[in-house]
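The file upload-v8.cif comes next; it holds mmCIF, C-alpha atoms.
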data_final
#
loop_
_atom_site.group_PDB
_atom_site.id
_atom_site.type_symbol
_atom_site.label_atom_id
_atom_site.label_comp_id
_atom_site.auth_asym_id
_atom_site.auth_seq_id
_atom_site.Cartn_x
_atom_site.Cartn_y
_atom_site.Cartn_z
ATOM 1 C CA MET A 312 6.929 -32.931 -65.065
ATOM 2 C CA LEU A 313 9.775 -30.741 -63.807
ATOM 3 C CA LYS A 314 13.181 -32.338 -64.241
ATOM 4 C CA THR A 315 15.286 -30.251 -61.882
ATOM 5 C CA LYS A 316 15.061 -27.423 -59.388
ATOM 6 C CA LEU A 317 17.697 -25.634 -61.461
ATOM 7 C CA ALA A 318 15.254 -25.524 -64.351
ATOM 8 C CA LEU A 319 12.864 -23.523 -62.216
ATOM 9 C CA LEU A 320 15.589 -21.121 -61.152
ATOM 10 C CA ILE A 321 16.440 -20.233 -64.742
ATOM 11 C CA GLY A 322 12.833 -20.057 -65.849
ATOM 12 C CA CYS A 323 12.906 -23.224 -67.950
ATOM 13 C CA LEU A 324 10.268 -25.873 -67.307
ATOM 14 C CA SER A 325 11.066 -29.264 -68.866
ATOM 15 C CA PHE A 326 8.142 -31.619 -69.422
ATOM 16 C CA GLY A 327 8.331 -35.343 -70.061
ATOM 17 C CA VAL A 328 11.318 -37.659 -69.824
ATOM 18 C CA ASN A 329 12.381 -38.059 -73.465
ATOM 19 C CA ALA A 330 14.419 -35.720 -75.616
ATOM 20 C CA ALA A 331 12.516 -32.525 -76.329
ATOM 21 C CA SER A 332 10.909 -32.040 -79.735
ATOM 22 C CA PHE A 333 9.802 -28.429 -79.258
ATOM 23 C CA GLU A 334 10.745 -25.445 -77.150
ATOM 24 C CA ALA A 335 8.425 -22.568 -76.296
ATOM 25 C CA VAL A 336 8.853 -19.280 -74.477
ATOM 26 C CA THR A 337 5.922 -17.563 -72.792
ATOM 27 C CA LEU A 338 5.971 -13.944 -73.972
ATOM 28 C CA GLY A 339 2.468 -13.370 -72.592
ATOM 29 C CA SER A 340 0.313 -15.680 -70.513
ATOM 30 C CA LYS A 341 -2.843 -13.728 -69.711
ATOM 31 C CA GLY A 342 -6.038 -12.823 -71.494
ATOM 32 C CA GLY A 343 -8.111 -9.697 -71.265
ATOM 33 C CA ILE A 344 -6.904 -6.471 -69.739
ATOM 34 C CA GLN A 345 -3.372 -7.047 -68.444
ATOM 35 C CA ASP A 346 -1.467 -5.027 -71.017
ATOM 36 C CA GLY A 347 2.177 -6.040 -71.205
ATOM 37 C CA ASN A 348 1.374 -9.696 -70.504
ATOM 38 C CA LEU A 349 -1.095 -10.708 -73.207
ATOM 39 C CA THR A 350 -1.176 -14.028 -75.021
ATOM 40 C CA ALA A 351 1.931 -14.809 -77.069
ATOM 41 C CA PHE A 352 4.199 -17.868 -77.272
ATOM 42 C CA MET A 353 7.465 -18.275 -79.167
ATOM 43 C CA LEU A 354 7.919 -21.774 -80.565
ATOM 44 C CA LYS A 355 10.771 -23.589 -82.237
ATOM 45 C CA SER A 356 11.519 -27.143 -83.228
ATOM 46 C CA GLU A 357 14.611 -28.757 -81.742
ATOM 47 C CA GLN A 358 15.666 -29.344 -85.352
ATOM 48 C CA ASP A 359 16.603 -25.683 -85.937
ATOM 49 C CA ASP A 360 17.171 -22.416 -84.081
ATOM 50 C CA ASN A 361 14.426 -20.227 -85.539
ATOM 51 C CA TYR A 362 11.116 -19.330 -83.913
ATOM 52 C CA VAL A 363 7.584 -18.462 -84.876
ATOM 53 C CA LEU A 364 5.213 -16.463 -82.698
ATOM 54 C CA LEU A 365 1.896 -18.046 -81.785
ATOM 55 C CA ASP A 366 -0.253 -14.952 -81.416
ATOM 56 C CA ALA A 367 1.376 -11.671 -80.475
ATOM 57 C CA GLY A 368 -0.459 -9.907 -77.660
ATOM 58 C CA SER A 369 2.839 -8.958 -76.002
ATOM 59 C CA VAL A 370 6.077 -9.086 -77.964
ATOM 60 C CA VAL A 371 8.888 -6.703 -76.948
ATOM 61 C CA ASN A 372 7.869 -6.582 -73.296
ATOM 62 C CA GLY A 373 7.600 -10.366 -73.321
ATOM 63 C CA LEU A 374 11.070 -10.669 -74.838
ATOM 64 C CA ILE A 375 12.493 -8.318 -72.195
ATOM 65 C CA VAL A 376 10.964 -10.300 -69.310
ATOM 66 C CA SER A 377 11.982 -13.612 -70.871
ATOM 67 C CA GLU A 378 15.576 -12.480 -71.338
ATOM 68 C CA GLN A 379 15.730 -11.303 -67.720
ATOM 69 C CA LYS A 380 14.505 -14.724 -66.569
ATOM 70 C CA GLY A 381 17.175 -16.547 -68.579
ATOM 71 C CA ALA A 382 14.934 -18.034 -71.254
ATOM 72 C CA PHE A 383 17.414 -17.084 -74.001
ATOM 73 C CA ASP A 384 20.719 -17.710 -72.247
ATOM 74 C CA ASP A 385 21.766 -20.114 -75.010
ATOM 75 C CA VAL A 386 21.113 -17.550 -77.765
ATOM 76 C CA LYS A 387 24.289 -15.739 -78.799
ATOM 77 C CA VAL A 388 24.132 -12.431 -80.631
ATOM 78 C CA PRO A 389 26.793 -12.304 -83.379
ATOM 79 C CA GLN A 390 29.679 -10.069 -82.385
ATOM 80 C CA GLU A 391 29.288 -7.970 -85.523
ATOM 81 C CA SER A 392 25.592 -7.263 -84.820
ATOM 82 C CA ASN A 393 24.538 -3.825 -83.568
ATOM 83 C CA LEU A 394 21.412 -5.296 -81.942
ATOM 84 C CA THR A 395 20.600 -6.060 -78.339
ATOM 85 C CA LYS A 396 19.571 -9.631 -77.628
ATOM 86 C CA VAL A 397 15.901 -8.567 -77.624
ATOM 87 C CA GLY A 398 16.420 -6.848 -80.970
ATOM 88 C CA TYR A 399 18.287 -9.828 -82.404
ATOM 89 C CA LEU A 400 15.539 -12.226 -81.333
ATOM 90 C CA LEU A 401 12.765 -10.083 -82.794
ATOM 91 C CA LYS A 402 14.456 -9.113 -86.043
ATOM 92 C CA GLU A 403 16.544 -12.204 -86.826
ATOM 93 C CA LYS A 404 15.224 -15.267 -84.968
ATOM 94 C CA VAL A 405 11.437 -14.809 -85.212
ATOM 95 C CA LYS A 406 10.602 -15.925 -88.743
ATOM 96 C CA GLY A 407 6.874 -15.218 -88.756
ATOM 97 C CA TYR A 408 3.630 -14.715 -86.876
ATOM 98 C CA LEU A 409 0.839 -17.269 -86.631
ATOM 99 C CA ILE A 410 -2.201 -15.207 -85.676
ATOM 100 C CA SER A 411 -5.283 -17.084 -84.473
ATOM 101 C CA HIS A 412 -7.659 -14.121 -84.784
ATOM 102 C CA ALA A 413 -7.429 -10.361 -84.925
ATOM 103 C CA HIS A 414 -8.705 -9.412 -81.475
ATOM 104 C CA LEU A 415 -6.461 -6.730 -79.997
ATOM 105 C CA ASP A 416 -5.224 -8.803 -77.047
ATOM 106 C CA HIS A 417 -3.725 -11.268 -79.546
ATOM 107 C CA VAL A 418 -2.058 -8.796 -81.914
ATOM 108 C CA ALA A 419 -1.194 -5.628 -79.938
ATOM 109 C CA GLY A 420 2.460 -6.548 -79.454
ATOM 110 C CA MET A 421 2.991 -7.192 -83.148
ATOM 111 C CA ILE A 422 1.327 -3.913 -84.116
ATOM 112 C CA ILE A 423 3.290 -1.819 -81.624
ATOM 113 C CA SER A 424 6.646 -3.432 -82.468
ATOM 114 C CA SER A 425 6.119 -3.286 -86.240
ATOM 115 C CA PRO A 426 8.133 -0.075 -86.922
ATOM 116 C CA ASP A 427 11.330 -1.763 -85.668
ATOM 117 C CA ASP A 428 10.518 -5.305 -86.757
ATOM 118 C CA SER A 429 12.065 -7.047 -89.758
ATOM 119 C CA ASN A 430 10.292 -8.270 -92.872
ATOM 120 C CA LYS A 431 8.404 -11.510 -92.238
ATOM 121 C CA PRO A 432 5.149 -13.323 -93.036
ATOM 122 C CA ILE A 433 1.906 -13.178 -91.104
ATOM 123 C CA TYR A 434 0.223 -16.581 -91.335
ATOM 124 C CA GLY A 435 -3.502 -16.808 -90.711
ATOM 125 C CA LEU A 436 -6.832 -17.807 -92.106
ATOM 126 C CA SER A 437 -7.970 -15.362 -94.788
ATOM 127 C CA ALA A 438 -10.560 -13.764 -92.495
ATOM 128 C CA THR A 439 -7.865 -13.061 -89.885
ATOM 129 C CA ASN A 440 -5.502 -11.441 -92.366
ATOM 130 C CA GLU A 441 -8.325 -9.396 -93.848
ATOM 131 C CA ALA A 442 -9.229 -8.106 -90.378
ATOM 132 C CA LEU A 443 -5.608 -7.116 -89.722
ATOM 133 C CA MET A 444 -5.328 -5.124 -92.930
ATOM 134 C CA ASN A 445 -8.767 -3.519 -92.609
ATOM 135 C CA ASN A 446 -8.740 -2.642 -88.900
ATOM 136 C CA TYR A 447 -5.100 -2.001 -87.942
ATOM 137 C CA PHE A 448 -2.599 -1.690 -90.795
ATOM 138 C CA ASN A 449 -4.738 0.851 -92.642
ATOM 139 C CA TRP A 450 -3.096 4.285 -92.108
ATOM 140 C CA SER A 451 -5.840 5.150 -89.629
ATOM 141 C CA ALA A 452 -5.252 2.942 -86.613
ATOM 142 C CA TRP A 453 -1.616 2.366 -87.687
ATOM 143 C CA PRO A 454 0.580 2.677 -90.787
ATOM 144 C CA ASN A 455 0.156 -0.067 -93.346
ATOM 145 C CA PHE A 456 3.149 -2.314 -92.750
ATOM 146 C CA GLY A 457 1.556 -5.032 -94.878
ATOM 147 C CA ASN A 458 1.804 -5.870 -98.559
ATOM 148 C CA GLU A 459 -1.961 -5.496 -99.050
ATOM 149 C CA GLY A 460 -4.683 -3.153 -97.848
ATOM 150 C CA ASN A 461 -5.361 0.574 -97.880
ATOM 151 C CA GLY A 462 -2.921 3.309 -98.800
ATOM 152 C CA PHE A 463 0.807 3.083 -99.388
ATOM 153 C CA LYS A 464 2.066 -0.413 -98.594
ATOM 154 C CA LEU A 465 5.300 -0.529 -96.612
ATOM 155 C CA SER A 466 5.402 -4.298 -97.306
ATOM 156 C CA LYS A 467 7.246 -5.225 -94.136
ATOM 157 C CA TYR A 468 4.740 -7.997 -93.483
ATOM 158 C CA THR A 469 3.530 -10.422 -96.123
ATOM 159 C CA TYR A 470 0.027 -11.749 -95.565
ATOM 160 C CA THR A 471 0.043 -15.510 -96.079
ATOM 161 C CA ASP A 472 -3.442 -17.003 -96.155
ATOM 162 C CA LEU A 473 -3.475 -20.552 -94.827
ATOM 163 C CA PRO A 474 -6.006 -22.959 -96.329
ATOM 164 C CA GLN A 475 -8.031 -24.894 -93.800
ATOM 165 C CA TYR A 476 -6.742 -28.340 -92.885
ATOM 166 C CA GLN A 477 -3.826 -28.388 -95.324
ATOM 167 C CA TRP A 478 -0.182 -28.666 -94.316
ATOM 168 C CA GLN A 479 1.952 -25.708 -95.348
ATOM 169 C CA PRO A 480 5.672 -24.978 -94.818
ATOM 170 C CA VAL A 481 6.702 -22.318 -92.302
ATOM 171 C CA LYS A 482 9.382 -20.354 -94.110
ATOM 172 C CA GLY A 483 12.743 -20.182 -92.353
ATOM 173 C CA THR A 484 12.013 -23.113 -90.025
ATOM 174 C CA SER A 485 11.928 -26.912 -90.192
ATOM 175 C CA MET A 486 8.223 -26.958 -89.323
ATOM 176 C CA GLN A 487 4.975 -27.308 -91.226
ATOM 177 C CA VAL A 488 1.670 -25.852 -90.028
ATOM 178 C CA ILE A 489 -1.971 -26.743 -90.431
ATOM 179 C CA ALA A 490 -4.694 -24.196 -89.628
ATOM 180 C CA MET A 491 -7.914 -25.476 -88.047
ATOM 181 C CA PRO A 492 -10.841 -23.054 -87.584
ATOM 182 C CA LEU A 493 -12.347 -22.555 -84.129
ATOM 183 C CA ALA A 494 -15.665 -21.029 -83.053
ATOM 184 C CA HIS A 495 -15.261 -17.896 -80.940
ATOM 185 C CA SER A 496 -18.496 -16.183 -79.912
ATOM 186 C CA GLY A 497 -19.920 -15.986 -83.413
ATOM 187 C CA GLY A 498 -16.547 -15.264 -84.952
ATOM 188 C CA GLN A 499 -13.651 -17.380 -86.121
ATOM 189 C CA SER A 500 -10.426 -18.197 -84.344
ATOM 190 C CA THR A 501 -7.741 -20.769 -85.174
ATOM 191 C CA ALA A 502 -5.851 -23.732 -83.778
ATOM 192 C CA PHE A 503 -2.398 -24.198 -85.293
ATOM 193 C CA ALA A 504 -0.732 -27.607 -85.319
ATOM 194 C CA LEU A 505 2.988 -27.507 -86.037
ATOM 195 C CA LYS A 506 4.842 -30.618 -87.163
ATOM 196 C CA ASP A 507 8.582 -31.269 -87.356
ATOM 197 C CA SER A 508 10.279 -33.513 -89.903
ATOM 198 C CA ASP A 509 10.027 -36.504 -87.528
ATOM 199 C CA GLY A 510 6.238 -36.144 -87.457
ATOM 200 C CA ASP A 511 6.074 -34.879 -83.869
ATOM 201 C CA LEU A 512 3.296 -32.374 -83.219
ATOM 202 C CA PHE A 513 2.656 -29.311 -81.065
ATOM 203 C CA VAL A 514 -0.750 -27.592 -81.045
ATOM 204 C CA TYR A 515 -1.644 -24.032 -80.105
ATOM 205 C CA PHE A 516 -5.277 -22.986 -79.661
ATOM 206 C CA GLY A 517 -6.444 -19.426 -80.036
ATOM 207 C CA ASP A 518 -9.604 -18.394 -78.215
ATOM 208 C CA THR A 519 -12.310 -21.008 -78.466
ATOM 209 C CA GLY A 520 -15.666 -21.829 -76.974
ATOM 210 C CA PRO A 521 -16.866 -25.401 -76.399
ATOM 211 C CA ASP A 522 -18.783 -26.977 -79.253
ATOM 212 C CA ALA A 523 -21.946 -27.409 -77.184
ATOM 213 C CA VAL A 524 -22.108 -23.713 -76.308
ATOM 214 C CA GLU A 525 -20.967 -22.423 -79.702
ATOM 215 C CA LYS A 526 -23.370 -24.762 -81.531
ATOM 216 C CA SER A 527 -20.388 -25.855 -83.604
ATOM 217 C CA ASP A 528 -18.383 -28.924 -84.553
ATOM 218 C CA ALA A 529 -15.102 -27.000 -84.839
ATOM 219 C CA LEU A 530 -13.365 -28.610 -81.871
ATOM 220 C CA SER A 531 -14.733 -32.010 -82.841
ATOM 221 C CA LYS A 532 -12.935 -31.687 -86.193
ATOM 222 C CA VAL A 533 -9.729 -30.652 -84.446
ATOM 223 C CA TRP A 534 -9.877 -33.716 -82.166
ATOM 224 C CA GLN A 535 -10.464 -35.974 -85.180
ATOM 225 C CA THR A 536 -7.340 -34.521 -86.785
ATOM 226 C CA LEU A 537 -5.208 -34.902 -83.651
ATOM 227 C CA ALA A 538 -6.365 -38.382 -82.605
ATOM 228 C CA PRO A 539 -4.019 -40.298 -84.972
ATOM 229 C CA PHE A 540 -1.030 -38.348 -83.620
ATOM 230 C CA VAL A 541 -2.101 -39.138 -80.051
ATOM 231 C CA LYS A 542 -2.328 -42.843 -80.883
ATOM 232 C CA GLU A 543 1.211 -42.784 -82.285
ATOM 233 C CA GLY A 544 2.596 -40.850 -79.293
ATOM 234 C CA GLN A 545 3.505 -37.903 -81.535
ATOM 235 C CA LEU A 546 1.458 -35.170 -79.832
ATOM 236 C CA LYS A 547 4.056 -33.561 -77.577
ATOM 237 C CA GLY A 548 2.095 -30.687 -76.092
ATOM 238 C CA ILE A 549 -0.869 -28.337 -76.264
ATOM 239 C CA VAL A 550 -1.417 -24.708 -75.372
ATOM 240 C CA ILE A 551 -5.105 -24.030 -74.829
ATOM 241 C CA GLU A 552 -7.103 -21.332 -73.116
ATOM 242 C CA VAL A 553 -9.176 -21.450 -69.952
ATOM 243 C CA SER A 554 -10.401 -17.911 -69.481
ATOM 244 C CA PHE A 555 -12.927 -18.303 -66.669
ATOM 245 C CA THR A 556 -13.685 -20.387 -63.590
ATOM 246 C CA ASN A 557 -16.481 -22.938 -63.448
ATOM 247 C CA LYS A 558 -18.837 -20.499 -61.758
ATOM 248 C CA THR A 559 -19.096 -18.507 -65.004
ATOM 249 C CA PRO A 560 -22.419 -19.315 -66.723
ATOM 250 C CA ASP A 561 -22.342 -20.452 -70.335
ATOM 251 C CA LYS A 562 -24.083 -17.293 -71.535
ATOM 252 C CA MET A 563 -21.182 -15.235 -70.140
ATOM 253 C CA LEU A 564 -18.336 -17.217 -71.712
ATOM 254 C CA PHE A 565 -18.283 -15.219 -74.975
ATOM 255 C CA GLY A 566 -16.389 -17.919 -76.828
ATOM 256 C CA HIS A 567 -14.086 -19.125 -74.073
ATOM 257 C CA LEU A 568 -13.523 -22.220 -71.930
ATOM 258 C CA THR A 569 -13.859 -23.085 -68.252
ATOM 259 C CA PRO A 570 -12.109 -26.012 -66.533
ATOM 260 C CA ASN A 571 -15.224 -28.178 -66.840
ATOM 261 C CA TRP A 572 -15.574 -27.437 -70.536
ATOM 262 C CA LEU A 573 -11.889 -28.069 -71.255
ATOM 263 C CA LEU A 574 -12.054 -31.418 -69.476
ATOM 264 C CA LYS A 575 -15.145 -32.373 -71.482
ATOM 265 C CA GLU A 576 -13.419 -31.428 -74.733
ATOM 266 C CA LEU A 577 -10.242 -33.331 -73.838
ATOM 267 C CA THR A 578 -12.396 -36.324 -72.966
ATOM 268 C CA ALA A 579 -13.785 -36.155 -76.499
ATOM 269 C CA LEU A 580 -10.202 -36.407 -77.799
ATOM 270 C CA GLU A 581 -9.479 -39.365 -75.513
ATOM 271 C CA THR A 582 -12.611 -41.119 -76.746
ATOM 272 C CA LEU A 583 -11.266 -40.920 -80.299
ATOM 273 C CA ALA A 584 -7.689 -41.853 -79.427
ATOM 274 C CA GLY A 585 -8.359 -44.564 -76.853
ATOM 275 C CA LYS A 586 -8.774 -44.902 -73.093
ATOM 276 C CA GLY A 587 -5.731 -43.603 -71.235
ATOM 277 C CA SER A 588 -4.225 -42.085 -74.374
ATOM 278 C CA LEU A 589 -3.871 -38.613 -72.829
ATOM 279 C CA GLU A 590 -2.050 -39.757 -69.714
ATOM 280 C CA ASP A 591 0.985 -37.521 -69.094
ATOM 281 C CA LEU A 592 0.120 -35.248 -72.025
ATOM 282 C CA ASP A 593 1.451 -31.754 -71.251
ATOM 283 C CA VAL A 594 -1.314 -29.158 -71.523
ATOM 284 C CA VAL A 595 -0.347 -25.519 -70.986
ATOM 285 C CA ILE A 596 -3.182 -23.289 -69.813
ATOM 286 C CA SER A 597 -3.241 -19.802 -71.304
ATOM 287 C CA HIS A 598 -5.436 -16.699 -71.502
ATOM 288 C CA ILE A 599 -6.642 -16.712 -67.881
ATOM 289 C CA LYS A 600 -8.445 -13.409 -67.464
ATOM 290 C CA TYR A 601 -6.864 -10.981 -65.039
ATOM 291 C CA SER A 602 -9.404 -9.881 -62.420
ATOM 292 C CA LEU A 603 -9.798 -6.482 -60.748
ATOM 293 C CA LYS A 604 -12.024 -7.956 -58.029
ATOM 294 C CA LYS A 605 -10.947 -8.829 -54.522
ATOM 295 C CA GLY A 606 -10.788 -12.475 -53.629
ATOM 296 C CA GLU A 607 -8.957 -15.588 -54.709
ATOM 297 C CA ASP A 608 -6.757 -15.353 -57.791
ATOM 298 C CA PRO A 609 -8.691 -16.830 -60.766
ATOM 299 C CA GLN A 610 -5.618 -18.842 -61.739
ATOM 300 C CA VAL A 611 -5.570 -20.537 -58.353
ATOM 301 C CA VAL A 612 -9.245 -21.405 -58.718
ATOM 302 C CA ILE A 613 -8.845 -22.656 -62.288
ATOM 303 C CA GLN A 614 -5.842 -24.779 -61.346
ATOM 304 C CA ARG A 615 -7.763 -26.363 -58.462
ATOM 305 C CA GLU A 616 -10.844 -27.013 -60.604
ATOM 306 C CA LEU A 617 -8.804 -28.644 -63.344
ATOM 307 C CA GLU A 618 -6.949 -30.903 -60.945
ATOM 308 C CA GLN A 619 -10.138 -31.910 -59.142
ATOM 309 C CA GLY A 620 -11.750 -33.028 -62.398
ATOM 310 C CA ASN A 621 -8.642 -34.484 -64.025
ATOM 311 C CA GLU A 622 -9.442 -38.152 -64.613
ATOM 312 C CA LEU A 623 -7.465 -38.170 -67.858
ATOM 313 C CA GLY A 624 -4.005 -38.100 -66.275
ATOM 314 C CA VAL A 625 -3.126 -34.910 -68.141
ATOM 315 C CA ASN A 626 -0.298 -32.724 -66.818
ATOM 316 C CA PHE A 627 -1.622 -29.172 -66.572
ATOM 317 C CA HIS A 628 0.908 -26.335 -66.524
ATOM 318 C CA PHE A 629 0.498 -22.637 -65.741
ATOM 319 C CA PRO A 630 3.588 -20.773 -66.964
ATOM 320 C CA ALA A 631 4.283 -17.197 -66.017
ATOM 321 C CA GLN A 632 5.495 -14.591 -68.469
ATOM 322 C CA GLY A 633 9.109 -15.292 -69.359
ATOM 323 C CA ASP A 634 9.052 -19.017 -68.642
ATOM 324 C CA ALA A 635 10.739 -21.303 -71.181
ATOM 325 C CA LEU A 636 9.101 -24.687 -71.790
ATOM 326 C CA SER A 637 10.481 -27.884 -73.333
ATOM 327 C CA PHE A 638 8.197 -30.572 -74.753
#

Could you write out this structure as structure tokens?
Amino acid sequence: MLKTKLALLIGCLSFGVNAASFEAVTLGSKGGIQDGNLTAFMLKSEQDDNYVLLDAGSVVNGLIVSEQKGAFDDVKVPQESNLTKVGYLLKEKVKGYLISHAHLDHVAGMIISSPDDSNKPIYGLSATNEALMNNYFNWSAWPNFGNEGNGFKLSKYTYTDLPQYQWQPVKGTSMQVIAMPLAHSGGQSTAFALKDSDGDLFVYFGDTGPDAVEKSDALSKVWQTLAPFVKEGQLKGIVIEVSFTNKTPDKMLFGHLTPNWLLKELTALETLAGKGSLEDLDVVISHIKYSLKKGEDPQVVIQRELEQGNELGVNFHFPAQGDALSF
């Protein structure tokens, strides 16, 4: 829930009533075709001052908008630095990228900003990292800023393959990450759970279809992993996609969720964790597809459909680009 009106004025939305465990900044909130505002979230634990990026559809433009909205007012650039605040955040405070899958709307910002970025790891499942090096950082689509792949390696980025369902440290931060595969229209995406040293958890979902449509048990395995954290009150927040409204037929989802499907999947988590266990859980909705058609804004429709079907007591949030979030 929102704590104060002042929080809205400075672009910072505070959820819950206890001390925050994680802070996120919305660098990009949309899916699909809205270049400049494509899926990307900065995340940090309250236990340190360094961030990771959860996908990277929009990076520099997202940082510019976020700075203008006051999301980084507490970040001070050292006096001796020759960088702007946007430059300081990108080069010094972002310690790595967690990339859910290599579709362009999730990596375009990282690719475009790479010439002026600093050296850092790219964390992903092996298939994701392989797609990045083969399709983008290959001296055809873009210079090879990685430490593997075709041609001369500029070695600005270090590919770090994450094993499935094993906790790994996130270098330069106080967090650990676990990578959980998702089914995405015949391909693979990823959910990343990040844990601080107190055991509190934040989960980011890349693109995902519902298990029933994808003929998969990927989300079921994710819910089984998260259920113990829900029972202990350690799951602080989720970012998950809802790309389309309920009127979209299953055959046209192409590995995405609707409000009805998200509610069904969250109900599966509640079933594992216990009745009422998701009450007041903060769930941030991402990747809503921008529409070129006349009529009601898809976000308005999706928000209404989620609230109408929300028997779980979940708090759904719809941040705009540049909004800072505390969990």

Mind telling me what the PyMOL selection byres ((chain A and resi 475-486) around 10) catches here, as an mmCIF file with C-alpha atoms, in the coordinates of the input?
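Final output, saved to part_16.cif:
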data_model
loop_
_atom_site.group_PDB
_atom_site.id
_atom_site.type_symbol
_atom_site.label_atom_id
_atom_site.label_comp_id
_atom_site.auth_asym_id
_atom_site.auth_seq_id
_atom_site.Cartn_x
_atom_site.Cartn_y
_atom_site.Cartn_z
ATOM 1 C CA LYS A 355 10.771 -23.589 -82.237
ATOM 2 C CA SER A 356 11.519 -27.143 -83.228
ATOM 3 C CA GLU A 357 14.611 -28.757 -81.742
ATOM 4 C CA GLN A 358 15.666 -29.344 -85.352
ATOM 5 C CA ASP A 359 16.603 -25.683 -85.937
ATOM 6 C CA ASP A 360 17.171 -22.416 -84.081
ATOM 7 C CA ASN A 361 14.426 -20.227 -85.539
ATOM 8 C CA TYR A 362 11.116 -19.330 -83.913
ATOM 9 C CA VAL A 363 7.584 -18.462 -84.876
ATOM 10 C CA LYS A 404 15.224 -15.267 -84.968
ATOM 11 C CA VAL A 405 11.437 -14.809 -85.212
ATOM 12 C CA LYS A 406 10.602 -15.925 -88.743
ATOM 13 C CA GLY A 407 6.874 -15.218 -88.756
ATOM 14 C CA TYR A 408 3.630 -14.715 -86.876
ATOM 15 C CA LEU A 409 0.839 -17.269 -86.631
ATOM 16 C CA LYS A 431 8.404 -11.510 -92.238
ATOM 17 C CA PRO A 432 5.149 -13.323 -93.036
ATOM 18 C CA TYR A 434 0.223 -16.581 -91.335
ATOM 19 C CA GLY A 435 -3.502 -16.808 -90.711
ATOM 20 C CA LEU A 436 -6.832 -17.807 -92.106
ATOM 21 C CA SER A 437 -7.970 -15.362 -94.788
ATOM 22 C CA ASP A 472 -3.442 -17.003 -96.155
ATOM 23 C CA LEU A 473 -3.475 -20.552 -94.827
ATOM 24 C CA PRO A 474 -6.006 -22.959 -96.329
ATOM 25 C CA GLN A 487 4.975 -27.308 -91.226
ATOM 26 C CA VAL A 488 1.670 -25.852 -90.028
ATOM 27 C CA ILE A 489 -1.971 -26.743 -90.431
ATOM 28 C CA ALA A 490 -4.694 -24.196 -89.628
ATOM 29 C CA MET A 491 -7.914 -25.476 -88.047
ATOM 30 C CA PRO A 492 -10.841 -23.054 -87.584
ATOM 31 C CA THR A 501 -7.741 -20.769 -85.174
ATOM 32 C CA PHE A 503 -2.398 -24.198 -85.293
ATOM 33 C CA ALA A 504 -0.732 -27.607 -85.319
ATOM 34 C CA LEU A 505 2.988 -27.507 -86.037
ATOM 35 C CA LYS A 506 4.842 -30.618 -87.163
ATOM 36 C CA ASP A 507 8.582 -31.269 -87.356
ATOM 37 C CA SER A 508 10.279 -33.513 -89.903
ATOM 38 C CA ASP A 509 10.027 -36.504 -87.528
ATOM 39 C CA GLY A 510 6.238 -36.144 -87.457
ATOM 40 C CA ASP A 511 6.074 -34.879 -83.869
ATOM 41 C CA LEU A 512 3.296 -32.374 -83.219
ATOM 42 C CA LYS A 532 -12.935 -31.687 -86.193
ATOM 43 C CA VAL A 533 -9.729 -30.652 -84.446
ATOM 44 C CA THR A 536 -7.340 -34.521 -86.785
#

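Under the PyMOL selection byres ((chain A and resi 441) around 12), the matching residues in the shown file are Ile410, His412, Ala413, Ile433, Tyr434, Gly435, Leu436, Ser437, Ala438, Thr439, Asn440, Ala442, Leu443, Met444, Asn445, Asn446, Tyr447, Phe448, Asn449, Gly457, Asn458, Glu459, Gly460, Asn461, Tyr470, Thr471 and Asp472 of chain A.
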
Can you write out the residues you just picked, keeping C-alpha atoms, as a compact mmCIF listing (two decimals), keeping the file's coordinate frame?
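Okay, selection.txt is ready:
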# COMPACT_ATOMS: atom_id res chain seq x y z
CA ILE A 410 -2.20 -15.21 -85.68
CA HIS A 412 -7.66 -14.12 -84.78
CA ALA A 413 -7.43 -10.36 -84.92
CA ILE A 433 1.91 -13.18 -91.10
CA TYR A 434 0.22 -16.58 -91.34
CA GLY A 435 -3.50 -16.81 -90.71
CA LEU A 436 -6.83 -17.81 -92.11
CA SER A 437 -7.97 -15.36 -94.79
CA ALA A 438 -10.56 -13.76 -92.50
CA THR A 439 -7.86 -13.06 -89.88
CA ASN A 440 -5.50 -11.44 -92.37
CA ALA A 442 -9.23 -8.11 -90.38
CA LEU A 443 -5.61 -7.12 -89.72
CA MET A 444 -5.33 -5.12 -92.93
CA ASN A 445 -8.77 -3.52 -92.61
CA ASN A 446 -8.74 -2.64 -88.90
CA TYR A 447 -5.10 -2.00 -87.94
CA PHE A 448 -2.60 -1.69 -90.80
CA ASN A 449 -4.74 0.85 -92.64
CA GLY A 457 1.56 -5.03 -94.88
CA ASN A 458 1.80 -5.87 -98.56
CA GLU A 459 -1.96 -5.50 -99.05
CA GLY A 460 -4.68 -3.15 -97.85
CA ASN A 461 -5.36 0.57 -97.88
CA TYR A 470 0.03 -11.75 -95.56
CA THR A 471 0.04 -15.51 -96.08
CA ASP A 472 -3.44 -17.00 -96.16

- Query: Please, what distance in Å, to one decimal, runs between CA of Trp453 in chain A and CA of Leu415 in chain A?
  - Reply: 12.9 Å

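Of the residues under consideration (A:Gly343, A:Asn348, A:Ser496, A:Glu403), A:Asn348 shows the shortest atom-to-atom contact distance to Ser377 in chain A when counting all atoms listed in the file.
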
- Tell me which of A:Ile551, A:Gln632, A:Ser429, A:Val524 sits closest to Ser369 in chain A, counting all atoms listed in the file. A:Gln632

- List the residues matched by the PyMOL selection byres ((chain A and resi 398) around 12) in the displayed structure as a count of residues only, ordered by chain and then by residue number. 25

- Message: As an exercise, work out the distance from CA of Ser425 in chain A to CA of Asp384 in chain A in Å and give it to one decimal place.
- Response: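 Pair CA of Ser425 in chain A / CA of Asp384 in chain A returns 24.8 Å.
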
- Find the residue from A:Gly544, A:Gly420, A:Gly624, A:Gly566 that sits nearest to Gly517 in chain A; use all atoms listed in the file when measuring. A:Gly566
